[in-house]
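Below: the structure, in structure tokens.
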Number of protein chains: 2
Amino acid sequence: MTSHDQPKASGYRPPAVPDVEMRGFWGERIDAVAERTAMILYDRCVAAGMFDQIDPKRPVPDVKMPWHVRADGTPDTVNVQMFWDSDVAKVIETAAYALYRKRNADLEAKMDAIIEMFAGLQQPDGYMNSWFIRMQPGQRWTNLRDCHELYCAGHLMEAAVAYFHATGKRSLLDVMCRYADHIDTTFGLKPGQQPGYCGHEEIELALIRLGRTTGKQRYLDLARYFVDQRGQQPHYFDVEAARRGVDPAQWRHKTYLYNQSHLPVREQTKVVGHAVRAMYLYSGMADVATEFGDDSLTEALKGLWEDLTSKQMYVTGGIGPAASNEGFTDYYDLPNESAYAETCAAVALVMWASRMLGRGPDRAYADIMEQALYNGALSGLSIDGSRFFYDNPLESRGGHHRWTWHRCPCCPPNIARTVAAIGSYMYGVSTEGIAVHLYGASTARLSVGATEVTLTQDTNYPTDGRVAIGMALARPARFTLSLRVPGWCDGSTLRLNGEAVSAGMLQDGYLRLTREWQDGDKLELDLPMQVRALHAHPAVKADLGRVAIARGPLIYCAEEIDNTADLNAIVVSDDLSAAKTAPLPALNGALAIELQARREHWPQRDGRLYDTRPPELKPETARFVPYYLWDNRDPGEMLVWIRAGR
Amino acid sequence: MTSHDQPKASGYRPPAVPDVEMRGFWGERIDAVAERTAMILYDRCVAAGMFDQIDPKRPVPDVKMPWHVRADGTPDTVNVQMFWDSDVAKVIETAAYALYRKRNADLEAKMDAIIEMFAGLQQPDGYMNSWFIRMQPGQRWTNLRDCHELYCAGHLMEAAVAYFHATGKRSLLDVMCRYADHIDTTFGLKPGQQPGYCGHEEIELALIRLGRTTGKQRYLDLARYFVDQRGQQPHYFDVEAARRGVDPAQWRHKTYLYNQSHLPVREQTKVVGHAVRAMYLYSGMADVATEFGDDSLTEALKGLWEDLTSKQMYVTGGIGPAASNEGFTDYYDLPNESAYAETCAAVALVMWASRMLGRGPDRAYADIMEQALYNGALSGLSIDGSRFFYDNPLESRGGHHRWTWHRCPCCPPNIARTVAAIGSYMYGVSTEGIAVHLYGASTARLSVGATEVTLTQDTNYPTDGRVAIGMALARPARFTLSLRVPGWCDGSTLRLNGEAVSAGMLQDGYLRLTREWQDGDKLELDLPMQVRALHAHPAVKADLGRVAIARGPLIYCAEEIDNTADLNAIVVSDDLSAAKTAPLPALNGALAIELQARREHWPQRDGRLYDTRPPELKPETARFVPYYLWDNRDPGEMLVWIRAGR
């Protein structure tokens, strides 16, 4: 049991997934993924015909394929999609983590069979993409802007790393290294190379992962090339379009803001375009900054981070309000009912935030990582792991429900792989020491330089803020343990072996303890969880006069089933001192919050629509449940931002 | 000076426009129309090429015509429209009232020339429609559903009546009587006739007007036929489509709810579809109910009235929230920023309300008539009479402004003709007596049976609620004078020749005074105008926690120019007792309202988007101006429903 990824420079890097064993809250979520979601994802790929595209032994399918039967009994079809390789890759990645959690010979055999398909597809020169090998042969690398070609490669690299970590099998890893070598030969600034990069970022962060796992500097360098080259002039997507005989101006997304190639990345200051693409780019930039100690990238990222989190993020950590571009619009434009806030985008924000921690612990990043993780991302997966949200509005009149699958099936495996890999987000490890970014019952086997440390968390987090941390070491070792004190927490305390630790140790929101650690050292961290009412910046029109109820890292919402309909008629008091919590058996024992509230009524007034008399207020108790759990019971209205005051 | 329209049955009918001379508030508005708008409308019809379609002496134009030059310098085109006859008709109607107000030989000559064009178009059998005579010859009466053919005829009938009243010239009236005779021969339930009716209602109310003016029962009967036949089975639009070889189901508006032909009119209970069409239908139904004493129509109309005004009307009297169908959606769906609320629809609601008064005075109708007139309709015309609103949102971020013209130029002449004809909406006359529905400085020459009564109003209404009414009669006469006490008014008083009149005389919201009236009788009505805060039914989500400020019949709004931007950060107090009024010289001396308010601020908080600390409130004075006057000064934000409370 060792950490697979050995850090080489001073940055903080995540442990590999198998190095952290989760229990408690996340243990249950991971079990749902391992026992149910992983196989469901595979089955639905089969049902959607995805392997008909990928398997080189099957006949090449038509672009339009039968899919399912609609509710009205008529058959429906789906177009074969050029990015299906990436969705299958995320299914493999999810299955890899599931196999680590719980061996499953059937699932493993199925994954091996898929990997054999990809291996069978690979061309002598290393190229490997099912769309351009089978559906559009001869057109490879002609449209990087639109065709997700390097993006698919990136996700397969991530899958290869995960499957290797989980099973020790190298087949997909070898395939993807050969493909990465081919990509490295094809793209770059040397003579004979194309100065290209992908319209949908992903390969940048994937190459870092591949480089860290294989130890090959070449992949890290290639990631840096893709980051550096983005948005340079002459613009590659213009050149490439002209080569295809197409007018670059005739493009449905109109501007390169859409894929963040409007400027070189270090000159970008505003978070724009397609939300997932933006987050994957910034994730890749952060990884490159960590690997190369690149302060110029870190500076640009800090500005972008500020831009996103101070003007463009839902309180759930959801991002990208608009369906039209699956992305960003204007500052403070955060409508609740029409929020797109794709599950993938919140997942990608978690990814970016975790990578911002590569330069050192800072709760500016970890707080948002936690916020997006527990709310806008985790909402994407039903309790039982069988159904999924694609978009995550903060208000519903009762018509928004989880999918069993989606035509664009990116979100289900994305949230599933994130949940199953959660252990790697909890910690950061460097030569300096260990940072604990997230809390949750778990056992982590980490390496600080040559020292192996087993770190145990016993806690009911996020139901309760008390966390007992135990250290096991073969021999005493000096390093820094950094414990995050969340920004939402007021009155935290820490005891080390029974003695209080001064809050003066707080640096960038982390209690930093540098000492010689002994086997058996014990820490008791207490993070009180008061019920909070959050107000939004007044420029967010949708939230005016409203509050979001929160407790610990969880954002809450009202559901019709607990409150009856017309949730917008409920007005809660600003004073939350009388707030109560109560466990909800129907929602895995999660804590509900009950608040004193009033409901507006409009009794008989001769059918008046407008009146000088204000609505009458009748007292009632309003109940709230964690946002991530909504739509797991009877369907109905949902509301995060509840009216407050008066 | 006599009333041109002599009532024949017991209902209340409006006086002809020339019988009421307006001064004060409406006098100024009418002068703007007479001195400026009427000629502007003509000039813009010329600029838009509308007479190229209509004038039989010119070559037939292409369907696409040059129109104007865009802001970027490129030329724009407009399609010749099959309903241009109706727009020109409303221009003639406006000009007629303008000529009555103020003789203008140039304008009259121009109208005579247009009338000569129509006369020249008229076919030997009486048919007269420029589109089907010049643009699509041979296709007349083949698509009543979509082609506005009878609608155009209706507007020309209204123009003919108005021009005859204003100038005494019969040419257009004779043309339209011949056309009406042709229509009466063509449509009906007798052998050889088509059981058709128009997809866009209008001819029903126009035939009533034509019948009242000419005394021909045939036109009243034809109006009744069109009303009765609507929505009967087999459905005429199905039959007609089949005759054209078209599938009736393949229609872009999908359902006959759009044009209110989904059911026979007496079975309709919900206000649906295109808003202007609905209002014109109900106007025609009300006219038929008045002329024929038809209680079954009145009953249906009462239900529809309740449906509209209790669930589907903006506080401005604007109606039809959606642009997609220019009409109605769901109950209580009244978004403010995206409100369509076409000027024509508010005008048409004024028309319907005025006709609901045909069965007798009832402020249920007159109050709404006044509300729509002073707010959602009058907003359509700029102070100087030169620019127009087509849609009338109740909130703007600063991008909504008046047009000089519109591709679909229905609204400018519609609000102009309504303003210029306002005198006919102020009174109702029957054999029983006179009803005063609206107040405003004016002199009306009315006939109650054989008695001629001159009724004078001296008042600054709507700036002030005191109205002095004087009666002049050749000899004493017994009849009922009904004076409306608006529902918005608290504490009204009336004195007759100096003596207080008991409020016990109030019936259906009118003080009804039956006595022998003498020359020189004087009434002093006082309608106190307190500043009011209106609350919306809690089902109107857009207005939750907000109030609309009102005084007398006027709804107010906040404009950026008076308050600085971010109007949604302003929170007014529920307590309006400290409200002040002050005349605004820049807006013709209209009264502004000033309220104590607080503005939400979000001072430096490290770029936080969400915070447990609520926004800070700083006191400020919020200023409101009458809604109908907005966008007459510097452009900026506008807001009707202002946040209130706390």
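As shown in the structure tokens, the chain order sets the letters A, B, ...; within each chain, residues go from 1, and ligands are also counted from 1 in the order they appear.
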With 6 Å as the limit and counting only C-alpha atoms, what residues in chain A lie close to chain B? Please list them as a list in words.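 Output check: Ser310, Ala533, Leu534, His535, Ala536, His537, Gly607, Arg608, Leu609, Tyr610, Asp611, Thr612, Pro614, Gly645 and Arg646 of chain A.
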Neighbours of Gly428 in chain B within 7 Å (only C-alpha atoms; same-chain residues fewer than 5 positions away dropped), as a PyMOL selection string? chain B and resi 12-15+434-436
Output for the residues just chosen: C-alpha atoms as a PDB file, in the first residue's frame:
ATOM      1  CA  TYR B  12     -75.748  53.089 -22.886  1.00  0.00           C
ATOM      2  CA  ARG B  13     -73.888  54.227 -25.966  1.00  0.00           C
ATOM      3  CA  PRO B  14     -70.868  56.480 -26.354  1.00  0.00           C
ATOM      4  CA  PRO B  15     -71.263  59.959 -27.771  1.00  0.00           C
ATOM      5  CA  ILE B 434     -76.086  60.177 -18.666  1.00  0.00           C
ATOM      6  CA  ALA B 435     -73.236  58.242 -17.088  1.00  0.00           C
ATOM      7  CA  VAL B 436     -69.916  59.961 -16.422  1.00  0.00           C
TER       8      VAL B 436
END
Strand (DSSP E or B) residues, from DSSP on the backbone, in range 313-378 of chain A, as a VMD selection string: chain A and resid 313 319 322 327
Give me, as a list in words, the residues of range 569-641 of chain B that a backbone DSSP run labels helix (DSSP H, G or I). Ala569, Pro585, Ala586, Leu587, Tyr627, Tyr628 and Leu629 of chain B
So that I can see what lies close to Glu202 in chain A, please list as a compact mmCIF listing (two decimals) with N, CA and C atoms, in the first residue's frame the residues with an atom at most 6 Å from it, counting only C-alpha atoms and leaving out residues fewer than 3 positions away in the same chain.
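Full text of out-v6.txt as output:
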# COMPACT_ATOMS: atom_id res chain seq x y z
N TYR A 151 -9.59 15.94 -26.68
CA TYR A 151 -10.40 15.80 -25.46
C TYR A 151 -10.67 14.33 -25.18
N GLY A 154 -7.62 12.73 -23.87
CA GLY A 154 -7.38 13.09 -22.48
C GLY A 154 -8.18 12.21 -21.53
N LEU A 205 -4.79 18.56 -18.49
CA LEU A 205 -4.74 17.99 -17.15
C LEU A 205 -4.49 16.48 -17.20
N TYR A 280 -11.82 22.99 -17.18
CA TYR A 280 -10.79 22.02 -17.53
C TYR A 280 -9.50 22.74 -17.94
Asn375 in chain B: which residues within 8 Å, counting only C-alpha atoms, same-chain residues fewer than 3 positions away excluded, as a compact mmCIF listing (two decimals) with N, CA, C and O atoms, in the first residue's frame?
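Once everything was written out, this is around25.txt:
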# COMPACT_ATOMS: atom_id res chain seq x y z
N THR B 316 -50.74 47.74 -14.77
CA THR B 316 -50.86 48.86 -15.70
C THR B 316 -52.08 48.73 -16.61
O THR B 316 -52.33 49.62 -17.43
N GLY B 317 -52.80 47.61 -16.49
CA GLY B 317 -53.84 47.32 -17.48
C GLY B 317 -53.27 46.71 -18.74
O GLY B 317 -54.00 46.44 -19.68
N GLY B 318 -51.94 46.51 -18.76
CA GLY B 318 -51.34 45.80 -19.88
C GLY B 318 -51.80 44.34 -19.84
O GLY B 318 -52.05 43.80 -18.77
N GLN B 371 -57.79 52.39 -15.69
CA GLN B 371 -56.48 51.85 -15.35
C GLN B 371 -55.67 51.55 -16.62
O GLN B 371 -54.50 51.90 -16.73
N ALA B 372 -56.29 50.88 -17.58
CA ALA B 372 -55.59 50.53 -18.82
C ALA B 372 -55.31 51.78 -19.65
O ALA B 372 -54.25 51.91 -20.27
N LEU B 378 -51.67 54.57 -22.60
CA LEU B 378 -51.11 55.90 -22.83
C LEU B 378 -49.58 55.87 -22.86
O LEU B 378 -48.95 56.73 -23.49
N SER B 379 -48.97 54.88 -22.20
CA SER B 379 -47.52 54.75 -22.26
C SER B 379 -47.04 54.60 -23.70
O SER B 379 -45.89 54.90 -24.02
N LEU B 554 -53.38 56.69 -11.71
CA LEU B 554 -52.03 56.52 -12.27
C LEU B 554 -51.19 55.51 -11.50
O LEU B 554 -51.08 55.59 -10.27
N ILE B 555 -50.58 54.61 -12.24
CA ILE B 555 -49.56 53.72 -11.69
C ILE B 555 -48.22 54.41 -11.91
O ILE B 555 -47.97 54.97 -12.98
N PRO B 626 -45.28 59.01 -13.15
CA PRO B 626 -46.33 58.21 -13.77
C PRO B 626 -45.75 57.28 -14.85
O PRO B 626 -44.93 57.72 -15.66
N TYR B 627 -46.19 56.04 -14.82
CA TYR B 627 -45.67 55.04 -15.76
C TYR B 627 -45.81 55.49 -17.21
O TYR B 627 -44.91 55.27 -18.02
N TYR B 628 -46.92 56.13 -17.53
CA TYR B 628 -47.15 56.47 -18.94
C TYR B 628 -46.12 57.47 -19.46
O TYR B 628 -45.95 57.63 -20.66
Neighbour list for Cys411 in chain B as a list in words, cut-off 8 Å, only C-alpha atoms, skip fewer than 4 positions in-chain: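 My list of contacting residues is Glu342, Thr343, Cys344, Gly380, Phe388, Phe389, Tyr390 and Ile415 of chain B.
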When distances are computed from only C-alpha atoms, which of B:Gln530, B:Ser10, B:Thr451, B:Thr463 shows the smallest separation from Leu591 in chain B?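 Checking each candidate against Leu591 in chain B, we get B:Thr463 as the closest.
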Excluding Gln518 in chain A and any residue of its chain fewer than 2 positions from it, enumerate the residues within 7 Å of it, using only C-alpha atoms, and give them as a list in words.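 What passes the distance filter is Leu473, Arg475, Pro476, Ala477, Glu516, Gly520 and Asp521 of chain A.
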Expected file: the selected residues, all heavy atoms, as a PDB file, in the first residue's frame:
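Once everything was written out, this is out-v6.pdb:
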ATOM      1  N   LEU A 473       2.775   6.309  12.377  1.00  0.00           N
ATOM      2  CA  LEU A 473       4.063   6.403  11.660  1.00  0.00           C
ATOM      3  C   LEU A 473       4.974   5.283  12.165  1.00  0.00           C
ATOM      4  O   LEU A 473       4.937   4.934  13.361  1.00  0.00           O
ATOM      5  CB  LEU A 473       4.783   7.723  11.947  1.00  0.00           C
ATOM      6  CG  LEU A 473       4.091   9.050  11.675  1.00  0.00           C
ATOM      7  CD1 LEU A 473       3.343   9.532  12.897  1.00  0.00           C
ATOM      8  CD2 LEU A 473       5.138  10.085  11.227  1.00  0.00           C
ATOM      9  N   ARG A 475       8.197   5.605  12.458  1.00  0.00           N
ATOM     10  CA  ARG A 475       9.105   6.295  13.377  1.00  0.00           C
ATOM     11  C   ARG A 475       8.787   7.791  13.321  1.00  0.00           C
ATOM     12  O   ARG A 475       8.227   8.267  12.336  1.00  0.00           O
ATOM     13  CB  ARG A 475      10.554   6.034  12.981  1.00  0.00           C
ATOM     14  CG  ARG A 475      10.871   6.387  11.556  1.00  0.00           C
ATOM     15  CD  ARG A 475      12.220   5.842  11.069  1.00  0.00           C
ATOM     16  NE  ARG A 475      12.298   5.964   9.618  1.00  0.00           N
ATOM     17  CZ  ARG A 475      11.712   5.117   8.768  1.00  0.00           C
ATOM     18  NH1 ARG A 475      11.041   4.062   9.202  1.00  0.00           N
ATOM     19  NH2 ARG A 475      11.799   5.304   7.454  1.00  0.00           N
ATOM     20  N   PRO A 476       9.123   8.529  14.366  1.00  0.00           N
ATOM     21  CA  PRO A 476       8.812   9.961  14.402  1.00  0.00           C
ATOM     22  C   PRO A 476       9.383  10.681  13.181  1.00  0.00           C
ATOM     23  O   PRO A 476      10.451  10.310  12.678  1.00  0.00           O
ATOM     24  CB  PRO A 476       9.481  10.445  15.698  1.00  0.00           C
ATOM     25  CG  PRO A 476       9.585   9.224  16.545  1.00  0.00           C
ATOM     26  CD  PRO A 476       9.794   8.080  15.600  1.00  0.00           C
ATOM     27  N   ALA A 477       8.666  11.731  12.736  1.00  0.00           N
ATOM     28  CA  ALA A 477       9.121  12.488  11.562  1.00  0.00           C
ATOM     29  C   ALA A 477       8.634  13.920  11.671  1.00  0.00           C
ATOM     30  O   ALA A 477       7.532  14.187  12.139  1.00  0.00           O
ATOM     31  CB  ALA A 477       8.595  11.842  10.276  1.00  0.00           C
ATOM     32  N   GLU A 516       7.634  17.408  15.214  1.00  0.00           N
ATOM     33  CA  GLU A 516       7.988  16.008  15.007  1.00  0.00           C
ATOM     34  C   GLU A 516       6.794  15.156  15.419  1.00  0.00           C
ATOM     35  O   GLU A 516       6.421  15.119  16.598  1.00  0.00           O
ATOM     36  CB  GLU A 516       9.225  15.628  15.818  1.00  0.00           C
ATOM     37  CG  GLU A 516       9.723  14.248  15.417  1.00  0.00           C
ATOM     38  CD  GLU A 516      11.135  14.003  15.930  1.00  0.00           C
ATOM     39  OE1 GLU A 516      11.248  13.606  17.099  1.00  0.00           O
ATOM     40  OE2 GLU A 516      12.089  14.212  15.159  1.00  0.00           O
ATOM     41  N   GLY A 520       0.683   7.551  17.002  1.00  0.00           N
ATOM     42  CA  GLY A 520      -0.333   7.654  18.053  1.00  0.00           C
ATOM     43  C   GLY A 520      -0.745   9.065  18.396  1.00  0.00           C
ATOM     44  O   GLY A 520      -1.623   9.264  19.233  1.00  0.00           O
ATOM     45  N   ASP A 521      -0.149  10.058  17.731  1.00  0.00           N
ATOM     46  CA  ASP A 521      -0.606  11.431  17.979  1.00  0.00           C
ATOM     47  C   ASP A 521      -2.096  11.544  17.621  1.00  0.00           C
ATOM     48  O   ASP A 521      -2.571  10.953  16.648  1.00  0.00           O
ATOM     49  CB  ASP A 521       0.189  12.428  17.122  1.00  0.00           C
ATOM     50  CG  ASP A 521       1.531  12.781  17.773  1.00  0.00           C
ATOM     51  OD1 ASP A 521       1.701  12.526  18.986  1.00  0.00           O
ATOM     52  OD2 ASP A 521       2.396  13.301  17.044  1.00  0.00           O
TER      53      ASP A 521
END
Among the residues B:Lys522, B:Arg224, B:Arg402, B:Arg484, the one that comes closest to Thr456 in chain B [using only C-alpha atoms]: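 Of B:Lys522, B:Arg224, B:Arg402, B:Arg484, the one nearest Thr456 in chain B is B:Lys522, counting only C-alpha atoms.
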